[in-house]
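Raw input24.csv, CSV, C-alpha atoms and all ligand atoms:
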```
chain,number,residue,atom,x,y,z
U,18,MET,CA,110.4,-164.2,73.9
U,19,ALA,CA,113.8,-164.8,75.5
U,20,SER,CA,114.0,-167.8,77.8
U,21,SER,CA,115.1,-167.9,81.4
U,22,SER,CA,116.5,-170.6,83.5
U,23,SER,CA,114.7,-170.2,86.9
U,24,THR,CA,111.3,-171.9,87.1
U,25,ILE,CA,108.4,-170.8,89.3
U,26,ASP,CA,107.3,-173.4,91.8
U,27,LEU,CA,103.9,-172.8,93.4
U,28,SER,CA,103.7,-176.4,94.9
U,29,GLY,CA,105.1,-175.3,98.3
U,30,PRO,CA,103.4,-172.9,100.7
U,31,THR,CA,102.8,-169.8,98.7
U,32,PHE,CA,101.6,-166.3,99.5
U,33,CYS,CA,99.6,-164.5,96.8
U,34,VAL,CA,98.1,-161.0,96.6
U,35,VAL,CA,95.7,-160.1,93.9
U,36,SER,CA,94.4,-156.5,93.4
U,37,GLY,CA,91.2,-155.9,91.6
U,38,ALA,CA,90.1,-159.4,92.6
U,39,SER,CA,86.3,-158.7,93.1
U,40,GLN,CA,85.4,-159.4,89.5
U,41,GLY,CA,86.5,-159.7,85.9
U,42,ILE,CA,90.1,-160.7,85.1
U,43,GLY,CA,91.3,-160.3,88.7
U,44,ARG,CA,88.8,-162.8,90.0
U,45,ALA,CA,89.6,-165.2,87.2
U,46,ILE,CA,93.4,-164.9,87.9
U,47,ALA,CA,92.8,-165.5,91.6
U,48,VAL,CA,90.7,-168.6,91.0
U,49,GLU,CA,93.2,-170.0,88.4
U,50,VAL,CA,96.3,-169.4,90.5
U,51,SER,CA,94.6,-170.9,93.6
U,52,LYS,CA,94.4,-174.3,91.8
U,53,HIS,CA,98.2,-174.4,91.6
U,54,LEU,CA,99.1,-173.5,95.2
U,55,GLY,CA,100.6,-176.1,97.5
U,56,PRO,CA,99.6,-176.9,101.1
U,57,ASN,CA,99.6,-174.1,103.6
U,58,SER,CA,99.2,-171.4,101.0
U,59,LEU,CA,97.6,-168.0,101.7
U,60,MET,CA,95.9,-165.6,99.4
U,61,LEU,CA,95.0,-161.9,100.0
U,62,LEU,CA,92.3,-160.5,97.7
U,63,LEU,CA,91.9,-156.7,97.4
U,64,ALA,CA,89.2,-154.4,95.9
U,65,ARG,CA,86.5,-152.2,97.1
U,66,LYS,CA,83.3,-154.4,96.9
U,67,LYS,CA,83.3,-156.6,99.9
U,68,SER,CA,80.5,-159.0,98.9
U,69,ASP,CA,82.1,-159.6,95.5
U,70,LEU,CA,85.5,-160.2,97.2
U,71,ALA,CA,83.8,-162.7,99.5
U,72,GLN,CA,82.5,-164.5,96.4
U,73,SER,CA,85.9,-164.5,94.8
U,74,ALA,CA,87.4,-165.8,98.1
U,75,SER,CA,84.9,-168.7,98.2
U,76,LEU,CA,85.9,-169.7,94.7
U,77,CYS,CA,89.6,-169.8,95.7
U,78,GLU,CA,89.4,-171.5,99.1
U,79,SER,CA,90.5,-175.2,99.3
U,80,ASP,CA,92.3,-177.6,101.6
U,81,ASN,CA,95.6,-176.1,100.5
U,82,VAL,CA,94.6,-172.5,100.3
U,83,LYS,CA,93.3,-170.1,103.0
U,84,VAL,CA,91.9,-166.9,101.6
U,85,VAL,CA,91.6,-163.5,103.3
U,86,TYR,CA,90.1,-160.4,101.6
U,87,THR,CA,90.0,-156.8,102.5
U,88,SER,CA,87.9,-154.0,101.1
U,89,ILE,CA,90.3,-151.2,100.3
U,90,ASP,CA,90.1,-148.2,97.9
U,91,LEU,CA,93.5,-148.4,96.3
U,92,CYS,CA,93.2,-144.9,95.0
U,93,SER,CA,92.9,-143.2,98.4
U,94,ALA,CA,94.7,-145.7,100.6
U,95,SER,CA,97.9,-144.3,102.2
U,96,GLU,CA,101.2,-146.1,102.0
U,97,LYS,CA,100.8,-147.2,105.6
U,98,GLU,CA,97.4,-148.6,104.9
U,99,MET,CA,98.8,-150.6,102.0
U,100,TYR,CA,101.7,-151.8,104.1
U,101,ASP,CA,99.3,-152.8,106.9
U,102,VAL,CA,96.9,-154.6,104.6
U,103,ILE,CA,99.6,-156.9,103.4
U,104,ILE,CA,100.9,-157.5,107.0
U,105,GLN,CA,97.4,-158.3,108.1
U,106,GLY,CA,97.0,-160.5,105.1
U,107,LEU,CA,100.0,-162.5,106.2
U,108,SER,CA,97.8,-163.5,109.2
U,109,GLY,CA,100.8,-163.9,111.6
U,110,ARG,CA,102.8,-166.0,109.2
U,111,LYS,CA,106.5,-165.0,108.5
U,112,VAL,CA,107.7,-164.1,105.0
U,113,THR,CA,110.1,-167.0,105.2
U,114,ASP,CA,107.2,-169.5,105.7
U,115,PHE,CA,106.5,-169.2,102.0
U,116,THR,CA,108.6,-170.8,99.2
U,117,THR,CA,107.2,-168.3,96.7
U,118,SER,CA,105.3,-165.0,97.2
U,119,LEU,CA,103.4,-163.4,94.3
U,120,ILE,CA,101.5,-160.2,93.7
U,121,PHE,CA,99.2,-159.6,90.8
U,122,HIS,CA,98.7,-155.9,90.1
U,123,ASN,CA,95.5,-156.2,88.3
U,124,VAL,CA,93.5,-153.2,89.6
U,125,GLY,CA,92.7,-150.8,86.8
U,126,SER,CA,90.2,-148.3,85.3
U,127,ILE,CA,89.6,-147.1,81.8
U,128,GLY,CA,89.7,-143.4,82.2
U,129,ASN,CA,87.6,-140.6,80.7
U,130,LEU,CA,86.4,-141.8,77.3
U,131,SER,CA,84.2,-138.8,76.6
U,132,ILE,CA,87.0,-136.3,76.0
U,133,GLU,CA,89.0,-136.1,72.8
U,134,THR,CA,92.7,-136.5,73.2
U,135,ALA,CA,93.3,-133.0,71.7
U,136,ARG,CA,91.0,-131.5,74.4
U,137,MET,CA,92.5,-133.1,77.5
U,138,GLU,CA,93.1,-130.4,80.1
U,139,ASN,CA,91.5,-131.5,83.4
U,140,ILE,CA,94.7,-132.0,85.4
U,141,GLU,CA,92.8,-133.1,88.6
U,142,GLU,CA,91.0,-135.8,86.6
U,143,MET,CA,94.3,-136.9,85.0
U,144,GLN,CA,95.9,-137.0,88.5
U,145,GLU,CA,93.1,-139.2,89.9
U,146,TYR,CA,93.5,-141.5,86.9
U,147,PHE,CA,97.3,-141.8,87.2
U,148,LYS,CA,97.0,-142.1,91.0
U,149,LEU,CA,95.0,-145.3,90.9
U,150,ASN,CA,96.5,-146.8,87.8
U,151,VAL,CA,100.2,-145.9,88.2
U,152,PHE,CA,101.3,-144.2,91.4
U,153,LYS,CA,99.3,-146.4,93.9
U,154,VAL,CA,100.2,-149.5,91.9
U,155,ILE,CA,103.9,-148.5,92.3
U,156,SER,CA,103.3,-147.8,96.0
U,157,LEU,CA,101.6,-151.0,96.7
U,158,ASN,CA,104.4,-152.8,95.0
U,159,THR,CA,106.9,-150.9,97.1
U,160,GLN,CA,105.2,-152.0,100.3
U,161,PHE,CA,105.3,-155.6,99.1
U,162,LEU,CA,109.0,-155.3,98.3
U,163,LYS,CA,109.7,-153.8,101.7
U,164,ILE,CA,107.8,-156.6,103.6
U,165,PHE,CA,109.5,-159.3,101.5
U,166,LYS,CA,113.0,-157.7,101.3
U,167,ASP,CA,114.7,-160.7,102.9
U,168,VAL,CA,113.3,-163.2,100.4
U,169,GLU,CA,113.5,-161.2,97.2
U,170,ASP,CA,114.6,-164.3,95.2
U,171,ARG,CA,111.3,-165.9,96.0
U,172,LEU,CA,109.2,-163.0,94.6
U,173,VAL,CA,107.0,-163.0,91.5
U,174,ILE,CA,105.3,-159.8,90.4
U,175,VAL,CA,102.7,-159.7,87.6
U,176,ASN,CA,101.3,-156.6,86.1
U,177,THR,CA,98.1,-156.8,84.1
U,178,THR,CA,99.1,-154.7,81.2
U,179,SER,CA,97.4,-154.2,77.8
U,180,LEU,CA,98.2,-154.0,74.1
U,181,CYS,CA,97.4,-150.3,74.7
U,182,ALA,CA,100.7,-150.0,76.7
U,183,ILE,CA,102.6,-150.5,73.5
U,184,LYS,CA,100.2,-149.6,70.7
U,185,PRO,CA,98.2,-146.3,70.5
U,186,MET,CA,94.4,-146.7,70.4
U,187,GLY,CA,92.4,-143.6,69.4
U,188,GLY,CA,90.1,-142.4,72.0
U,189,MET,CA,92.0,-144.0,74.9
U,190,ALA,CA,94.7,-141.5,75.8
U,191,TYR,CA,94.2,-141.9,79.5
U,192,TYR,CA,94.3,-145.7,79.4
U,193,CYS,CA,97.2,-146.0,76.9
U,194,SER,CA,99.4,-143.5,78.7
U,195,GLY,CA,98.6,-145.0,82.1
U,196,LYS,CA,99.3,-148.5,80.9
U,197,ALA,CA,102.5,-147.5,79.2
U,198,ALA,CA,103.8,-145.7,82.3
U,199,ARG,CA,102.8,-148.6,84.6
U,200,ALA,CA,104.5,-151.2,82.4
U,201,MET,CA,107.7,-149.2,82.1
U,202,TYR,CA,107.9,-149.0,85.8
U,203,PHE,CA,107.8,-152.8,86.1
U,204,ARG,CA,110.3,-153.1,83.3
U,205,VAL,CA,112.8,-150.8,85.1
U,206,LEU,CA,112.2,-152.8,88.3
U,207,ALA,CA,113.0,-156.0,86.5
U,208,GLU,CA,116.2,-154.4,85.1
U,209,GLU,CA,117.3,-153.5,88.7
U,210,LYS,CA,116.0,-156.5,90.6
U,211,LYS,CA,117.5,-159.5,88.9
U,212,HIS,CA,116.4,-161.9,91.5
U,213,VAL,CA,112.7,-160.9,91.3
U,214,THR,CA,110.6,-162.3,88.5
U,215,VAL,CA,108.4,-159.7,86.8
U,216,LEU,CA,105.8,-160.3,84.1
U,217,ASN,CA,103.8,-157.7,82.2
U,218,TYR,CA,100.9,-159.9,81.0
U,219,SER,CA,98.5,-158.5,78.4
U,220,PRO,CA,95.2,-160.4,78.6
U,221,GLY,CA,93.7,-159.6,75.1
U,222,PRO,CA,90.2,-158.2,74.7
U,223,VAL,CA,88.2,-159.7,77.6
U,224,GLU,CA,84.5,-159.8,78.3
U,225,THR,CA,84.3,-157.6,81.5
U,226,SER,CA,82.6,-154.5,82.8
U,227,MET,CA,85.5,-152.5,81.5
U,228,ILE,CA,84.6,-153.4,77.9
U,229,GLU,CA,80.9,-152.5,78.5
U,230,GLN,CA,82.1,-149.1,79.7
U,231,VAL,CA,84.1,-148.6,76.5
U,232,ILE,CA,81.1,-149.5,74.4
U,233,GLU,CA,78.8,-147.2,76.4
U,234,GLU,CA,81.0,-144.2,77.0
U,235,ALA,CA,83.5,-143.9,74.1
U,236,VAL,CA,83.0,-140.7,72.0
U,237,ASN,CA,85.6,-142.0,69.5
U,238,LEU,CA,83.5,-143.8,67.0
U,239,ASN,CA,86.2,-146.2,65.8
U,240,LEU,CA,86.9,-147.3,69.3
U,241,LYS,CA,83.2,-147.8,70.0
U,242,GLU,CA,82.8,-149.8,66.8
U,243,VAL,CA,85.9,-152.0,67.4
U,244,PHE,CA,84.7,-153.2,70.7
U,245,THR,CA,81.0,-153.4,69.7
U,246,THR,CA,82.1,-155.7,66.8
U,247,PHE,CA,84.3,-157.7,69.2
U,248,ARG,CA,81.2,-158.2,71.4
U,249,ASN,CA,78.7,-158.9,68.7
U,250,GLN,CA,80.9,-161.4,67.0
U,251,ALA,CA,81.6,-163.1,70.3
U,252,SER,CA,85.3,-162.5,69.9
U,253,LEU,CA,85.9,-161.3,73.4
U,254,LEU,CA,87.8,-163.7,75.6
U,255,LYS,CA,86.3,-165.1,78.7
U,256,PRO,CA,88.2,-164.0,81.8
U,257,GLU,CA,88.9,-167.7,82.8
U,258,VAL,CA,90.5,-168.3,79.4
U,259,THR,CA,93.0,-165.5,79.6
U,260,ALA,CA,93.6,-166.2,83.3
U,261,LYS,CA,94.6,-169.8,82.4
U,262,LYS,CA,97.0,-168.5,79.8
U,263,CYS,CA,98.5,-166.0,82.3
U,264,ILE,CA,99.3,-168.7,84.8
U,265,LYS,CA,100.6,-171.0,82.0
U,266,VAL,CA,103.0,-168.3,80.8
U,267,LEU,CA,104.1,-167.7,84.4
U,268,LEU,CA,104.7,-171.3,85.2
U,269,SER,CA,106.5,-172.2,82.0
U,270,ARG,CA,108.8,-169.2,82.7
U,271,LYS,CA,110.0,-168.8,79.1
U,272,PHE,CA,109.8,-165.0,79.3
U,273,LYS,CA,112.6,-162.7,80.3
U,274,SER,CA,111.8,-160.8,83.5
U,275,GLY,CA,110.1,-157.6,82.6
U,276,ASP,CA,108.8,-158.8,79.3
U,277,HIS,CA,105.4,-157.9,77.8
U,278,VAL,CA,103.7,-161.1,77.0
U,279,ASP,CA,100.3,-161.1,75.2
U,280,TYR,CA,97.5,-163.7,75.3
U,281,PHE,CA,98.0,-164.1,71.5
U,282,ASP,CA,101.8,-164.6,71.7
U,283,ASP,CA,103.1,-168.0,70.7
U,284,GLU,CA,104.2,-170.1,73.6
U,301,LIG,N1,88.9,-156.2,79.8
U,301,LIG,C1,89.9,-156.1,78.9
U,301,LIG,O1,89.7,-156.4,77.7
U,301,LIG,C2,91.3,-155.8,79.3
U,301,LIG,C3,92.3,-155.8,78.4
U,301,LIG,C4,93.6,-155.5,78.7
U,301,LIG,C5,93.9,-155.2,80.1
U,301,LIG,N2,92.9,-155.2,81.0
U,301,LIG,C6,93.3,-154.9,82.4
U,301,LIG,O2,92.8,-155.9,83.2
U,301,LIG,C7,92.6,-155.4,84.6
U,301,LIG,C8,91.3,-155.9,85.1
U,301,LIG,O3,90.3,-155.3,84.2
U,301,LIG,P1,88.9,-155.9,84.0
U,301,LIG,O4,88.6,-155.9,82.6
U,301,LIG,O5,88.7,-157.2,84.7
U,301,LIG,O6,88.0,-154.8,84.6
U,301,LIG,P2,86.9,-154.7,85.8
U,301,LIG,O7,86.0,-155.8,85.7
U,301,LIG,O8,86.4,-153.3,85.8
U,301,LIG,O9,87.8,-154.9,87.1
U,301,LIG,C9,88.5,-153.9,87.7
U,301,LIG,C10,88.9,-154.4,89.1
U,301,LIG,O10,89.6,-153.3,89.7
U,301,LIG,C11,89.0,-153.0,91.0
U,301,LIG,N3,89.1,-151.6,91.3
U,301,LIG,C12,88.7,-150.5,90.5
U,301,LIG,N4,88.9,-149.4,91.2
U,301,LIG,C13,89.5,-149.7,92.4
U,301,LIG,C14,89.9,-148.9,93.5
U,301,LIG,N5,89.8,-147.6,93.5
U,301,LIG,N6,90.3,-149.6,94.6
U,301,LIG,C15,90.4,-150.9,94.6
U,301,LIG,N7,90.1,-151.7,93.6
U,301,LIG,C16,89.6,-151.1,92.5
U,301,LIG,C17,87.5,-153.4,90.8
U,301,LIG,O11,86.9,-153.8,92.1
U,301,LIG,P3,86.0,-152.8,92.9
U,301,LIG,O12,85.1,-152.1,92.0
U,301,LIG,O13,85.3,-153.9,93.8
U,301,LIG,O14,86.9,-151.9,93.7
U,301,LIG,C18,87.7,-154.7,90.0
U,301,LIG,O15,88.0,-155.8,90.8
U,301,LIG,C19,92.8,-153.9,84.4
U,301,LIG,O16,94.1,-153.5,84.8
U,301,LIG,C20,92.6,-153.7,83.0
U,301,LIG,O17,93.2,-152.5,82.5
U,301,LIG,C21,91.6,-155.5,80.7
```

For this file, produce the structure as structure tokens.
Ligand SMILES: NC(=O)c1ccc[n+]([C@@H]2O[C@H](COP(=O)([O-])OP(=O)(O)OC[C@H]3O[C@@H](n4cnc5c(N)ncnc54)[C@H](OP(=O)(O)O)[C@@H]3O)[C@@H](O)[C@H]2O)c1
Amino acid sequence: MASSSSTIDLSGPTFCVVSGASQGIGRAIAVEVSKHLGPNSLMLLLARKKSDLAQSASLCESDNVKVVYTSIDLCSASEKEMYDVIIQGLSGRKVTDFTTSLIFHNVGSIGNLSIETARMENIEEMQEYFKLNVFKVISLNTQFLKIFKDVEDRLVIVNTTSLCAIKPMGGMAYYCSGKAARAMYFRVLAEEKKHVTVLNYSPGPVETSMIEQVIEEAVNLNLKEVFTTFRNQASLLKPEVTAKKCIKVLLSRKFKSGDHVDYFDDE
């Protein structure tokens, strides 16, 4: 991991958006990051399930941190709706009010696990998958960059990636190809925007509903077995554990912008 000179300071007023914040890794990241935010900070939590978002928000609220949350389907939301949701999240504050502004692109889905890779042909289904996991992530990020264009050097962008973005996993062609495309977009962005900090964080195998879905739905027997073994041997990470590492990696800022950093990488 190449080192970088600029550090990330969250001790001032900070704005922080987290997508997929209603459960799992997203909720854990939101809670962990909230502990590091200075006075007059503001968080915006996004996902579809409002009551779960409310619970995440209550876990993040503190004397330093005000939290707003919006139920939004990030697959169907228009570009304008995404722009507006960030503006509303700012609650009347100016972008220059914040010493750092972060966005965690954590939203994600696993894709169709019941189709063999050699039999994939449902273009509509593939489009829906790429829409949520790649295109709309890019678009939300673009709205964020538009809104914060005058303070680009204060921006931190984190993509929740996966080992599957860089290593093929049989039975997960949707997921692997989506994660690879998404991570490469963020790498290209980092290449172009030298003043923006970009991290592709790979959380390791984590005990969330996504893993339950893999175990239940995978037709690829090796895939099913790998994750069933992980679960049965209690080898899955708790969301809070990987979230802590994510924020540690971010704050220590030893990575080169755009890097893929895994939970299991040395610090
Ligand atoms: N679990 C793992 O082992 C693992 C490993 C590597 C990477 N990851 C990545 O980590 C991220 C979080 O996954 P997780 O394991 O925590 O899964 P999860 O528990 O299923 O969480 C997914 C999150 O995305 C939100 N979401 C899904 N579809 C949405 C939509 N259409 N609009 C808005 N929000 C939507 C969900 O909220 P609502 O349902 O409320 O909308 C939820 O908050 C994903 O990007 C995943 O690929 C997970």

Inset, instruction - Work out how far CA of Val124 (chain U) is from CA of Ile89 (chain U), in Å to one decimal. - result: 11.3 Å

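Take the candidates U:Ile42, U:Val82, U:Met189, U:Ile25 and check each one against Glu224 (chain U) using all atoms listed in the file; the shortest distance goes to U:Ile42.
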
Inset, instruction - Kindly compile the residues surrounding ligand LIG 301 (chain U) within 6 Å, counting all atoms listed in the file, and format them as a PyMOL selection string. - result: chain U and resi 37-43+64-66+89-92+123-126+177-179+219-228

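Residue nearest Lys111 (chain U), chosen from U:Leu216, U:Val205, U:Val168, U:Ile155 and counting only C-alpha atoms: U:Val168.
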
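Using all atoms listed in the file, the smallest distance between any of U:Ile174, U:Ile232, U:Cys263, U:Met143 and Arg204 (chain U) comes from U:Ile174.
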
Inset, instruction - Find the residues near Ser156 (chain U): any atom within 10 Å, counting only C-alpha atoms, skip ones fewer than 3 places away on the same chain, and give them as an MDAnalysis selection string. - result: chainID U and resid 91 94:97 99:100 148 151:153 159:162

Inset, instruction - Write out as a PyMOL selection string each polymer residue whose atoms come within 8 Å of Lys83 (chain U), counting all atoms listed in the file; drop sequence neighbours fewer than 6 positions from it. - result: chain U and resi 57-60

Inset, instruction - Would you kindly return, as number ranges by chain, each protein, DNA or RNA residue with an atom no farther than 12 Å from any atom of region 50-54 of chain U, considering all atoms listed in the file and excluding same-chain residues fewer than 4 positions away? - result: U: 25-35, 38, 42-46, 58-62, 73-84, 115-121, 175, 257, 260-268

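Closest approach to Val231 (chain U) from the set U:Gly128, U:Asn158, U:Gly195, U:Ser68 is made by U:Gly128, with distances taken over only C-alpha atoms.
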
Inset, instruction - Just the residues within 10 Å of Tyr192 (chain U), please, counting all atoms listed in the file, with nothing from its chain fewer than 3 positions along; format it as a PyMOL selection string. - result: chain U and resi 125-130+146-147+150+179+181-182+185-186+188-189+195-198

Legend entry - Pick from U:His122, U:Lys255, U:Lys271, U:Lys166 nearest to Ala47 (chain U), counting all atoms listed in the file: U:His122

Inset, instruction - Using all atoms listed in the file, find the one residue out of U:Thr24, U:Asn176, U:Thr87, U:Ser252 that sits nearest to Phe203 (chain U). - result: U:Asn176

Legend entry - For CA of Thr245 (chain U) and CA of Asp279 (chain U), the interatomic separation in Å (one decimal): 21.5 Å

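A straight line drawn from CA of Tyr202 (chain U) to CA of Val154 (chain U) is 9.8 Å long.
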